[in-house]
Amino acid sequence: MPPHQANGLPAGHEADDYFHTNPPPKALSSHQSLAREFIQYHLENSPRRKVVLVTSGGTTVPLENQTVRFIDNFSAGTRGATSAEYFLQEGYAVIFLHRQFSLLPYSRHYSHSTNCFLDFMDEAEDGRVIVRKEYQDKMRRVLQQYHHAKDNRLLLLLPFTTVTDYLFELRSLAVIMQPLGNRALFYLAAAVSDFFIPRERMEEHKIQSRDNDAGGQGSGASRQLVVNLDPVPKFLSTLVQSWAPKGSMIVSFKLETNPSLLVSKAEQALKRYHHDLVIGNLLSTRKWEVVFVTSDGEERWIRVPKARRSKSISGVEELVGKAERKHGMEHVDLEGGTVTEG
Ligand code: 9Z3
């Protein structure tokens, strides 16, 4: 018997209803074809290849169908993009489902305001544009890894924007990944909105301020915009129960701001969804500490020591060890240690 939701419907029903009443993203069928080809390629060419779906970045909740305003979820995509690089290093093929324009594996080193690519470049005496001497070694390493991933078709980049796009994509990808069986891993680092506006209640056009209404200015409460959001169905239970391949490993992230809630919320999620692992993090310390919470009651903190805190924590190596133990796989050891226990 599938577990029941607060509204009395079995877990899958709420999600089914969601997909009938909200429109799929325009790119869904082209993304499905790309993902099918990607999985097929790896099944045929390297049948032992493990494939991870990494989700990354925040989902939006549009307030209008022709969207001018939207609610956003916090996430730059650092965790997802960094983790994808480490999964690639560990020999995984990666489907990177990411918020459009958020950070991407490899290019993340040279994008965004703090890492503007122009600051890494120079003009040589003969007028050629070159990489500055002090950045050559690192950029060569990043470039080699990037080319390795590209040349071996190990990285598939698929963008989403809204929470509805995200859920349609997640469902399709999980189903497409079914032939992988226990070689599939789900690493759900995207920051997914808990609330949304259902299609039938969404304004078509830009919401007007009351100033524009015939009959005058309006003030105070009459000019407030009251937004009424519904809860997003608990898709994680449906992912675990029916979309994902049997025997696959499913890892979700839990983001909190209140330290006293983090571990209990992670435990609650595991009890509710019956997946493998919740990686908890706090907004303020997420770059150097995470907690692994497993259904057997294990609570394990992984910390980057103070001296190395300029590096982002990924936790992937620890996780890969767990996945391999779960499936009795041999471990392929690759360099690039990221985490240290503290
Ligand atoms: C996370 O907790 C991620 O680690 C961060 C990464 C969003 C904090 P950045 O991209 O940040 O490096 O800037 N993701 C949150 C996952 C989430 O929203 N989980 C939901 C939940 O726990 C659905 S699985 O309810």
# chains A, B, ... in the order shown; residues from 1 in each chain; ligands from 1
call {"tool": "closest_atom_pairs", "arguments": {"of": "chain A", "to": "ligand 1", "cutoff": "9 Å", "atoms": "only C-alpha atoms and all ligand atoms", "output": "CSV"}}
result
residue,atom,partner,partner_atom_place_in_ligand_line,distance
A:Ser56,CA,ligand 1,10 (O),6.4
A:Gly57,CA,ligand 1,10 (O),5.2
A:Gly58,CA,ligand 1,7 (C),7.0
A:Thr59,CA,ligand 1,18 (O),8.9
A:Asn73,CA,ligand 1,18 (O),8.1
A:Phe74,CA,ligand 1,7 (C),6.2
A:Ser75,CA,ligand 1,10 (O),3.8
A:Ala76,CA,ligand 1,13 (O),3.9
A:Gly77,CA,ligand 1,10 (O),3.4
A:Thr78,CA,ligand 1,12 (O),3.6
A:Arg79,CA,ligand 1,12 (O),3.8
A:Gly80,CA,ligand 1,10 (O),6.2
A:Ala81,CA,ligand 1,10 (O),8.0
A:Thr82,CA,ligand 1,12 (O),8.4
A:Ser102,CA,ligand 1,10 (O),8.4
A:Leu103,CA,ligand 1,10 (O),8.1
A:Leu188,CA,ligand 1,24 (S),6.0
A:Ala189,CA,ligand 1,14 (N),4.4
A:Ala190,CA,ligand 1,14 (N),5.1
A:Ala191,CA,ligand 1,18 (O),3.4
A:Val192,CA,ligand 1,18 (O),4.2
A:Ser193,CA,ligand 1,18 (O),6.7
A:Asp194,CA,ligand 1,25 (O),6.9
A:Lys234,CA,ligand 1,25 (O),8.4
A:Phe235,CA,ligand 1,24 (S),8.5
A:Leu236,CA,ligand 1,24 (S),6.7
A:Val251,CA,ligand 1,24 (S),8.5
A:Ser252,CA,ligand 1,24 (S),5.1
A:Phe253,CA,ligand 1,16 (C),4.3
A:Lys254,CA,ligand 1,22 (O),3.9
A:Leu255,CA,ligand 1,2 (O),3.9
A:Glu256,CA,ligand 1,2 (O),7.6
A:Lys265,CA,ligand 1,22 (O),8.2
A:Ala266,CA,ligand 1,22 (O),7.6
A:Ala269,CA,ligand 1,22 (O),7.4
A:Val278,CA,ligand 1,22 (O),8.3
A:Ile279,CA,ligand 1,2 (O),7.6
A:Gly280,CA,ligand 1,2 (O),6.6
A:Asn281,CA,ligand 1,2 (O),5.7
A:Leu282,CA,ligand 1,8 (C),7.2
A:Leu283,CA,ligand 1,8 (C),6.0
A:Arg286,CA,ligand 1,8 (C),6.2
A:Lys287,CA,ligand 1,12 (O),7.2
A:Val290,CA,ligand 1,4 (O),8.5
A:Ser312,CA,ligand 1,12 (O),8.3
call {"tool": "residues_around", "arguments": {"residues": "Lys133 in chain A", "least_positions_apart": "5", "cutoff": "10 Å", "atoms": "only C-alpha atoms", "output": "VMD selection string"}}
result
chain A and resid 120 to 122
call {"tool": "residues_around", "arguments": {"residues": "Arg132 in chain A", "least_positions_apart": "3", "cutoff": "12 Å", "atoms": "only C-alpha atoms", "output": "short mmCIF file (atom, residue, chain, number, x, y, z; two decimals) with N, CA and C atoms, in the first residue's frame"}}
result
data_model
loop_
_atom_site.label_atom_id
_atom_site.label_comp_id
_atom_site.auth_asym_id
_atom_site.auth_seq_id
_atom_site.Cartn_x
_atom_site.Cartn_y
_atom_site.Cartn_z
N PHE A 117 35.61 36.03 -16.26
CA PHE A 117 36.63 35.40 -17.12
C PHE A 117 37.62 36.41 -17.67
N LEU A 118 37.19 37.66 -17.84
CA LEU A 118 38.10 38.67 -18.41
C LEU A 118 39.30 38.92 -17.50
N ASP A 119 39.07 38.74 -16.18
CA ASP A 119 40.18 38.96 -15.24
C ASP A 119 41.27 37.89 -15.35
N PHE A 120 40.97 36.81 -16.04
CA PHE A 120 41.96 35.74 -16.19
C PHE A 120 42.76 35.89 -17.48
N MET A 121 42.42 36.93 -18.26
CA MET A 121 43.01 37.06 -19.60
C MET A 121 43.88 38.28 -19.72
N ASP A 122 44.70 38.26 -20.76
CA ASP A 122 45.62 39.37 -21.00
C ASP A 122 45.84 39.52 -22.49
N GLU A 123 46.47 40.66 -22.85
CA GLU A 123 46.81 40.82 -24.26
C GLU A 123 48.34 40.67 -24.36
N ALA A 124 48.81 39.76 -25.18
CA ALA A 124 50.26 39.56 -25.35
C ALA A 124 50.83 40.70 -26.19
N ARG A 128 47.92 38.95 -29.38
CA ARG A 128 47.07 37.78 -29.14
C ARG A 128 46.46 37.86 -27.75
N VAL A 129 45.26 37.32 -27.62
CA VAL A 129 44.62 37.27 -26.29
C VAL A 129 45.05 35.96 -25.63
N TYR A 135 47.41 31.92 -14.04
CA TYR A 135 46.19 31.09 -14.08
C TYR A 135 46.31 29.92 -15.05
N GLN A 136 47.45 29.84 -15.77
CA GLN A 136 47.60 28.82 -16.81
C GLN A 136 47.38 27.39 -16.29
N ASP A 137 48.05 27.06 -15.17
CA ASP A 137 48.01 25.67 -14.70
C ASP A 137 46.59 25.25 -14.33
N LYS A 138 45.93 26.12 -13.57
CA LYS A 138 44.58 25.75 -13.15
C LYS A 138 43.65 25.68 -14.37
N MET A 139 43.78 26.67 -15.26
CA MET A 139 42.86 26.66 -16.40
C MET A 139 43.10 25.46 -17.31
N ARG A 140 44.37 25.05 -17.45
CA ARG A 140 44.68 23.87 -18.26
C ARG A 140 43.99 22.64 -17.67
#
call {"tool": "closest_residue", "arguments": {"among": "A:Asp230, A:Glu90, A:Asp17, A:Glu200", "to": "Glu317 in chain A", "atoms": "only C-alpha atoms"}}
result
A:Glu90
call {"tool": "select_by_dssp", "arguments": {"residues": "range 241-318 of chain A", "states": "alpha helix (DSSP H)", "output": "list in words"}}
result
Pro259, Ser260, Leu261, Leu262, Val263, Ser264, Lys265, Ala266, Glu267, Gln268, Ala269, Leu270, Lys271, Arg272, Tyr273, Val316, Glu317 and Glu318 of chain A
call {"tool": "residues_around", "arguments": {"residues": "His42 in chain A", "least_positions_apart": "6", "cutoff": "9 Å", "atoms": "only C-alpha atoms", "output": "ChimeraX atom specification"}}
result
/A:48-51,93,153-154
call {"tool": "write_last_selection", "arguments": {"atoms": "N, CA and C atoms", "output": "PDB file, in the first residue's frame"}}
result
ATOM      1  N   ARG A  48      28.841  -0.757 -17.801  1.00  0.00           N
ATOM      2  CA  ARG A  48      29.032  -0.687 -16.348  1.00  0.00           C
ATOM      3  C   ARG A  48      29.041   0.753 -15.849  1.00  0.00           C
ATOM      4  N   ARG A  49      28.858   1.686 -16.752  1.00  0.00           N
ATOM      5  CA  ARG A  49      28.906   3.113 -16.380  1.00  0.00           C
ATOM      6  C   ARG A  49      27.747   3.471 -15.445  1.00  0.00           C
ATOM      7  N   LYS A  50      28.070   4.179 -14.379  1.00  0.00           N
ATOM      8  CA  LYS A  50      27.021   4.661 -13.490  1.00  0.00           C
ATOM      9  C   LYS A  50      26.577   6.048 -13.962  1.00  0.00           C
ATOM     10  N   VAL A  51      25.307   6.342 -13.817  1.00  0.00           N
ATOM     11  CA  VAL A  51      24.790   7.630 -14.283  1.00  0.00           C
ATOM     12  C   VAL A  51      24.126   8.338 -13.111  1.00  0.00           C
ATOM     13  N   ALA A  93      28.686   9.209 -15.506  1.00  0.00           N
ATOM     14  CA  ALA A  93      28.117  10.105 -16.520  1.00  0.00           C
ATOM     15  C   ALA A  93      27.089  10.962 -15.780  1.00  0.00           C
ATOM     16  N   ARG A 153      31.226  12.212 -24.062  1.00  0.00           N
ATOM     17  CA  ARG A 153      29.760  12.383 -23.901  1.00  0.00           C
ATOM     18  C   ARG A 153      29.314  12.023 -22.479  1.00  0.00           C
ATOM     19  N   LEU A 154      30.031  12.579 -21.512  1.00  0.00           N
ATOM     20  CA  LEU A 154      29.746  12.223 -20.118  1.00  0.00           C
ATOM     21  C   LEU A 154      28.860  13.240 -19.406  1.00  0.00           C
TER      22      LEU A 154
END
call {"tool": "residues_around", "arguments": {"residues": "range 238-248 of chain A", "least_positions_apart": "5", "cutoff": "6 Å", "atoms": "only C-alpha atoms", "output": "PDB file with N, CA and C atoms, in the first residue's frame"}}
result
ATOM      1  N   GLY A  12       0.981   8.991  -5.068  1.00  0.00           N
ATOM      2  CA  GLY A  12       1.090   9.181  -6.503  1.00  0.00           C
ATOM      3  C   GLY A  12      -0.018  10.054  -7.083  1.00  0.00           C
ATOM      4  N   ALA A 174      13.691  10.463 -14.628  1.00  0.00           N
ATOM      5  CA  ALA A 174      13.715   9.272 -13.765  1.00  0.00           C
ATOM      6  C   ALA A 174      13.193   8.058 -14.535  1.00  0.00           C
ATOM      7  N   VAL A 175      12.124   8.264 -15.292  1.00  0.00           N
ATOM      8  CA  VAL A 175      11.542   7.144 -16.041  1.00  0.00           C
ATOM      9  C   VAL A 175      12.508   6.695 -17.146  1.00  0.00           C
ATOM     10  N   GLN A 178      15.236   4.365 -16.048  1.00  0.00           N
ATOM     11  CA  GLN A 178      14.894   3.044 -15.491  1.00  0.00           C
ATOM     12  C   GLN A 178      15.762   1.888 -15.985  1.00  0.00           C
ATOM     13  N   GLY A 181      18.746   0.660 -13.856  1.00  0.00           N
ATOM     14  CA  GLY A 181      18.615  -0.101 -12.610  1.00  0.00           C
ATOM     15  C   GLY A 181      19.466   0.489 -11.510  1.00  0.00           C
ATOM     16  N   ASN A 182      20.257  -0.365 -10.850  1.00  0.00           N
ATOM     17  CA  ASN A 182      21.011   0.131  -9.691  1.00  0.00           C
ATOM     18  C   ASN A 182      22.264   0.915 -10.089  1.00  0.00           C
ATOM     19  N   ALA A 184      21.879   3.794 -11.383  1.00  0.00           N
ATOM     20  CA  ALA A 184      21.382   5.174 -11.392  1.00  0.00           C
ATOM     21  C   ALA A 184      21.461   5.773  -9.993  1.00  0.00           C
ATOM     22  N   LEU A 185      21.856   7.033  -9.956  1.00  0.00           N
ATOM     23  CA  LEU A 185      21.915   7.772  -8.687  1.00  0.00           C
ATOM     24  C   LEU A 185      21.202   9.105  -8.881  1.00  0.00           C
TER      25      LEU A 185
END
call {"tool": "atom_distance", "arguments": {"atom1": "CA of Glu289 in chain A", "atom2": "CA of Tyr92 in chain A"}}
result
24.0 Å
call {"tool": "select_by_dssp", "arguments": {"residues": "range 49-267 of chain A", "states": "strand (DSSP E)", "output": "ChimeraX atom specification"}}
result
/A:51-56,60-62,70-72,93-99,121-123,129-131,155-160,184-188,195-196,230-231,249-256
call {"tool": "write_last_selection", "arguments": {"atoms": "N, CA and C atoms", "output": "compact mmCIF listing (two decimals), in the first residue's frame"}}
result
# COMPACT_ATOMS: atom_id res chain seq x y z
N VAL A 51 25.31 6.34 -13.82
CA VAL A 51 24.79 7.63 -14.28
C VAL A 51 24.13 8.34 -13.11
N VAL A 52 24.49 9.59 -12.90
CA VAL A 52 23.86 10.36 -11.83
C VAL A 52 23.06 11.51 -12.43
N LEU A 53 21.86 11.69 -11.89
CA LEU A 53 21.10 12.90 -12.21
C LEU A 53 21.37 13.89 -11.09
N VAL A 54 22.06 14.98 -11.42
CA VAL A 54 22.32 16.03 -10.44
C VAL A 54 21.34 17.17 -10.73
N THR A 55 20.57 17.57 -9.73
CA THR A 55 19.71 18.75 -9.94
C THR A 55 20.34 19.92 -9.18
N SER A 56 20.21 21.10 -9.76
CA SER A 56 20.99 22.22 -9.23
C SER A 56 20.30 23.56 -9.50
N THR A 60 11.73 28.68 -9.91
CA THR A 60 10.91 29.89 -9.74
C THR A 60 9.43 29.51 -9.65
N VAL A 61 8.66 30.43 -9.07
CA VAL A 61 7.21 30.32 -9.05
C VAL A 61 6.67 31.59 -9.71
N PRO A 62 6.24 31.50 -10.97
CA PRO A 62 5.78 32.70 -11.66
C PRO A 62 4.46 33.21 -11.08
N PHE A 70 8.25 36.87 -10.46
CA PHE A 70 8.24 35.49 -9.97
C PHE A 70 8.89 35.45 -8.59
N ILE A 71 8.56 34.39 -7.85
CA ILE A 71 9.21 34.13 -6.56
C ILE A 71 10.37 33.18 -6.85
N ASP A 72 11.50 33.42 -6.22
CA ASP A 72 12.67 32.59 -6.53
C ASP A 72 13.09 31.80 -5.29
N ALA A 93 28.69 9.21 -15.51
CA ALA A 93 28.12 10.11 -16.52
C ALA A 93 27.09 10.96 -15.78
N VAL A 94 27.00 12.24 -16.13
CA VAL A 94 26.17 13.17 -15.35
C VAL A 94 25.10 13.82 -16.22
N ILE A 95 23.86 13.70 -15.76
CA ILE A 95 22.79 14.51 -16.35
C ILE A 95 22.61 15.68 -15.39
N PHE A 96 22.85 16.88 -15.89
CA PHE A 96 22.88 18.05 -15.01
C PHE A 96 21.63 18.89 -15.29
N LEU A 97 20.62 18.66 -14.45
CA LEU A 97 19.34 19.38 -14.59
C LEU A 97 19.45 20.64 -13.75
N HIS A 98 19.56 21.78 -14.41
CA HIS A 98 19.92 23.00 -13.68
C HIS A 98 19.02 24.18 -14.04
N ARG A 99 18.93 25.09 -13.09
CA ARG A 99 18.23 26.34 -13.36
C ARG A 99 19.00 27.10 -14.44
N MET A 121 42.42 36.93 -18.26
CA MET A 121 43.01 37.06 -19.60
C MET A 121 43.88 38.28 -19.72
N ASP A 122 44.70 38.26 -20.76
CA ASP A 122 45.62 39.37 -21.00
C ASP A 122 45.84 39.52 -22.49
N GLU A 123 46.47 40.66 -22.85
CA GLU A 123 46.81 40.82 -24.26
C GLU A 123 48.34 40.67 -24.36
N VAL A 129 45.26 37.32 -27.62
CA VAL A 129 44.62 37.27 -26.29
C VAL A 129 45.05 35.96 -25.63
N ILE A 130 45.60 36.05 -24.45
CA ILE A 130 46.10 34.85 -23.77
C ILE A 130 45.58 34.78 -22.33
N VAL A 131 45.76 33.59 -21.73
CA VAL A 131 45.43 33.43 -20.31
C VAL A 131 46.63 33.91 -19.51
N LEU A 155 28.58 14.35 -20.08
CA LEU A 155 27.84 15.41 -19.39
C LEU A 155 26.71 15.92 -20.28
N LEU A 156 25.49 15.81 -19.75
CA LEU A 156 24.33 16.32 -20.48
C LEU A 156 23.73 17.47 -19.67
N LEU A 157 23.67 18.65 -20.28
CA LEU A 157 23.16 19.84 -19.58
C LEU A 157 21.71 20.10 -19.99
N LEU A 158 20.80 20.10 -19.02
CA LEU A 158 19.40 20.37 -19.32
C LEU A 158 18.88 21.46 -18.39
N PRO A 159 18.42 22.58 -18.94
CA PRO A 159 17.96 23.68 -18.08
C PRO A 159 16.47 23.63 -17.73
N PHE A 160 16.12 24.19 -16.58
CA PHE A 160 14.71 24.42 -16.20
C PHE A 160 14.61 25.83 -15.65
N ALA A 184 21.88 3.79 -11.38
CA ALA A 184 21.38 5.17 -11.39
C ALA A 184 21.46 5.77 -9.99
N LEU A 185 21.86 7.03 -9.96
CA LEU A 185 21.91 7.77 -8.69
C LEU A 185 21.20 9.11 -8.88
N PHE A 186 20.43 9.49 -7.89
CA PHE A 186 19.74 10.79 -7.93
C PHE A 186 20.33 11.66 -6.83
N TYR A 187 20.76 12.84 -7.21
CA TYR A 187 21.45 13.74 -6.27
C TYR A 187 20.74 15.09 -6.37
N LEU A 188 19.76 15.27 -5.48
CA LEU A 188 18.78 16.35 -5.66
C LEU A 188 19.17 17.59 -4.87
N PHE A 195 5.89 25.84 -2.51
CA PHE A 195 4.58 26.43 -2.81
C PHE A 195 4.55 26.92 -4.25
N PHE A 196 3.36 26.94 -4.85
CA PHE A 196 3.24 27.43 -6.23
C PHE A 196 1.83 27.96 -6.46
N ASP A 230 -0.45 27.38 -3.30
CA ASP A 230 -0.78 26.01 -2.89
C ASP A 230 0.51 25.24 -2.59
N PRO A 231 0.42 24.20 -1.77
CA PRO A 231 1.63 23.39 -1.56
C PRO A 231 1.96 22.58 -2.82
N MET A 249 19.91 4.72 -6.14
CA MET A 249 20.14 5.41 -4.87
C MET A 249 19.60 6.83 -4.99
N ILE A 250 18.87 7.25 -3.98
CA ILE A 250 18.26 8.59 -4.03
C ILE A 250 18.73 9.41 -2.84
N VAL A 251 19.34 10.54 -3.17
CA VAL A 251 19.89 11.44 -2.15
C VAL A 251 19.22 12.80 -2.30
N SER A 252 18.66 13.29 -1.21
CA SER A 252 18.08 14.64 -1.29
C SER A 252 18.84 15.57 -0.33
N PHE A 253 18.70 16.84 -0.57
CA PHE A 253 19.30 17.85 0.32
C PHE A 253 18.21 18.50 1.15
N LYS A 254 18.60 18.91 2.33
CA LYS A 254 17.68 19.67 3.19
C LYS A 254 18.37 20.97 3.58
N LEU A 255 17.73 22.06 3.26
CA LEU A 255 18.29 23.38 3.60
C LEU A 255 17.46 24.00 4.71
N GLU A 256 18.12 24.39 5.79
CA GLU A 256 17.43 25.10 6.87
C GLU A 256 18.26 26.31 7.27
call {"tool": "residues_around", "arguments": {"residues": "Ser83 in chain A", "least_positions_apart": "4", "cutoff": "8 Å", "atoms": "only C-alpha atoms", "output": "list in words"}}
result
Arg79, Phe87, Ser314, Gly315 and Val316 of chain A
call {"tool": "closest_residue", "arguments": {"among": "A:Leu262, A:Leu225, A:Leu167, A:Leu277", "to": "Glu318 in chain A", "atoms": "only C-alpha atoms"}}
result
A:Leu277
call {"tool": "atom_distance", "arguments": {"atom1": "CA of Phe292 in chain A", "atom2": "CA of Val263 in chain A"}}
result
9.0 Å
call {"tool": "closest_residue", "arguments": {"among": "A:Ser237, A:Arg36, A:Gly297, A:Ser111", "to": "Arg272 in chain A", "atoms": "only C-alpha atoms"}}
result
A:Ser237
call {"tool": "atom_distance", "arguments": {"atom1": "CA of Leu180 in chain A", "atom2": "CA of Pro47 in chain A"}}
result
8.9 Å
call {"tool": "closest_residue", "arguments": {"among": "A:Asn228, A:Ser107, A:Gln32, A:Ser209", "to": "Ala84 in chain A", "atoms": "only C-alpha atoms"}}
result
A:Ser107
